[in-house]
Amino acid sequence: MTPEHRVPAGLRGFRFVPAPSPPWWTVQCQREAERAARASFPLEVCGLWIAASATGPVRLNVLPAQASPVSFQADPQAVIQLAYRLVDDKAVVRATFHSHPFGFACPSRFDEPLADWAEDHLIAGCRAGAWTFAWWRTPHR
């Protein structure tokens, strides 16, 4: 288990478990995630990794949100529009993404609603100006 995967004692029994990066994860994907996190800094950013098909290439779709340095709330209208577009396009949500601009790359209890979107979750954490990325899974969503 990497330092990014250390789960604080208060989160034991939590829905998220440490996970390896998925097979589709590439250096280009990580660059895309870091660009989004840096662009939003000092606020959190949220998004979904979407593929046009189950085996297609994946891209990050950043969601419009009300954000602070410690939380985000995706714009409900944008989420509804995205959900319809995903169905119409037969696209697949492969993972969620969000950042903790002043914290660790581990989930908090506030992140549990992300499990409704995907089984895999990428969290970016920033400590002392350095970004780290960790994958988490919610296997029983």
# chains A, B, ... in the order shown; residues from 1 in each chain; ligands from 1
>>> residues_around(residues="Ala83 (chain A)", least_positions_apart="6", cutoff="10 Å", atoms="only C-alpha atoms", output="JSON, numbers by chain")
{"A": [77, 89, 91, 93, 117]}
>>> select_by_dssp(residues="region 64-97 of chain A", states="strand (DSSP E)", output="list in words")
Ala65, Gln66, Ala67, Phe72, Gln73, Ala74, Val92, Val93, Arg94, Ala95, Thr96 and Phe97 of chain A
>>> residues_around(residues="Ala118 (chain A)", least_positions_apart="5", cutoff="7 Å", atoms="only C-alpha atoms", output="PyMOL selection string")
chain A and resi 93-96
>>> closest_residue(among="A:Ala67, A:Val62, A:Val92, A:Val45", to="Glu119 (chain A)", atoms="only C-alpha atoms")
A:Val92
>>> closest_residue(among="A:Lys90, A:Ser40, A:Ser53, A:Ile80", to="Ser68 (chain A)", atoms="only C-alpha atoms")
A:Ser40
>>> closest_residue(among="A:Ala33, A:Ala39, A:Ala65, A:Val58", to="Thr132 (chain A)", atoms="only C-alpha atoms")
A:Ala33
>>> atom_distance(atom1="CA of Arg35 (chain A)", atom2="CA of Phe133 (chain A)")
12.5 Å
>>> atom_distance(atom1="CA of Pro22 (chain A)", atom2="CA of Gln66 (chain A)")
28.6 Å
>>> atom_distance(atom1="CA of Phe72 (chain A)", atom2="CA of Cys126 (chain A)")
16.0 Å
>>> closest_residue(among="A:Arg15, A:Arg85, A:Arg31, A:Arg38", to="His121 (chain A)", atoms="only C-alpha atoms")
A:Arg15
>>> select_by_dssp(residues="region 13-137 of chain A", states="alpha helix (DSSP H)", output="list of chain:residue names")
A:Val27, A:Gln28, A:Cys29, A:Gln30, A:Arg31, A:Glu32, A:Ala33, A:Glu34, A:Arg35, A:Ala36, A:Ala37, A:Arg38, A:Ala39, A:Ser40, A:Pro76, A:Gln77, A:Ala78, A:Val79, A:Ile80, A:Gln81, A:Leu82, A:Ala83, A:Tyr84, A:Arg85, A:Leu86, A:Val87, A:Asp88, A:Asp89
>>> write_last_selection(atoms="C-alpha atoms", output="mmCIF file, in the first residue's frame")
data_model
loop_
_atom_site.group_PDB
_atom_site.id
_atom_site.type_symbol
_atom_site.label_atom_id
_atom_site.label_comp_id
_atom_site.auth_asym_id
_atom_site.auth_seq_id
_atom_site.Cartn_x
_atom_site.Cartn_y
_atom_site.Cartn_z
ATOM 1 C CA VAL A 27 0.527 8.836 -18.719
ATOM 2 C CA GLN A 28 -1.632 11.051 -20.944
ATOM 3 C CA CYS A 29 -4.624 10.457 -18.634
ATOM 4 C CA GLN A 30 -2.535 11.433 -15.616
ATOM 5 C CA ARG A 31 -1.419 14.624 -17.372
ATOM 6 C CA GLU A 32 -5.060 15.416 -18.135
ATOM 7 C CA ALA A 33 -6.017 14.891 -14.470
ATOM 8 C CA GLU A 34 -3.136 17.015 -13.209
ATOM 9 C CA ARG A 35 -3.995 19.826 -15.653
ATOM 10 C CA ALA A 36 -7.594 19.843 -14.400
ATOM 11 C CA ALA A 37 -6.533 19.828 -10.730
ATOM 12 C CA ARG A 38 -3.991 22.611 -11.262
ATOM 13 C CA ALA A 39 -6.473 24.707 -13.280
ATOM 14 C CA SER A 40 -9.011 24.527 -10.471
ATOM 15 C CA PRO A 76 -27.363 19.629 -11.011
ATOM 16 C CA GLN A 77 -28.447 20.850 -14.460
ATOM 17 C CA ALA A 78 -25.068 19.886 -15.946
ATOM 18 C CA VAL A 79 -25.236 16.449 -14.294
ATOM 19 C CA ILE A 80 -28.716 15.800 -15.716
ATOM 20 C CA GLN A 81 -27.660 16.915 -19.191
ATOM 21 C CA LEU A 82 -24.561 14.723 -19.002
ATOM 22 C CA ALA A 83 -26.600 11.706 -17.884
ATOM 23 C CA TYR A 84 -28.914 12.073 -20.883
ATOM 24 C CA ARG A 85 -25.958 12.552 -23.220
ATOM 25 C CA LEU A 86 -24.296 9.399 -21.862
ATOM 26 C CA VAL A 87 -27.445 7.393 -22.564
ATOM 27 C CA ASP A 88 -27.959 8.921 -26.020
ATOM 28 C CA ASP A 89 -24.317 8.333 -26.990
#
>>> residues_around(residues="Cys46 (chain A)", least_positions_apart="3", cutoff="7 Å", atoms="only C-alpha atoms", output="list in words")
Val62, Leu63, Phe97, His98 and Ser99 of chain A
>>> write_last_selection(atoms="C-alpha atoms", output="mmCIF file, in the first residue's frame")
data_model
loop_
_atom_site.group_PDB
_atom_site.id
_atom_site.type_symbol
_atom_site.label_atom_id
_atom_site.label_comp_id
_atom_site.auth_asym_id
_atom_site.auth_seq_id
_atom_site.Cartn_x
_atom_site.Cartn_y
_atom_site.Cartn_z
ATOM 1 C CA VAL A 62 -14.764 18.070 -15.938
ATOM 2 C CA LEU A 63 -18.129 19.000 -14.448
ATOM 3 C CA PHE A 97 -12.193 12.068 -10.544
ATOM 4 C CA HIS A 98 -11.799 14.835 -8.022
ATOM 5 C CA SER A 99 -9.112 16.693 -6.161
#
>>> residues_around(residues="region 105-108 of chain A", least_positions_apart="5", cutoff="6 Å", atoms="only C-alpha atoms", output="count of residues only")
6
>>> closest_residue(among="A:Gly47, A:Pro42, A:Pro64, A:Pro57", to="Pro101 (chain A)", atoms="only C-alpha atoms")
A:Pro42
>>> closest_residue(among="A:Trp136, A:Trp24, A:Trp131, A:Phe16", to="Gly56 (chain A)", atoms="only C-alpha atoms")
A:Trp24
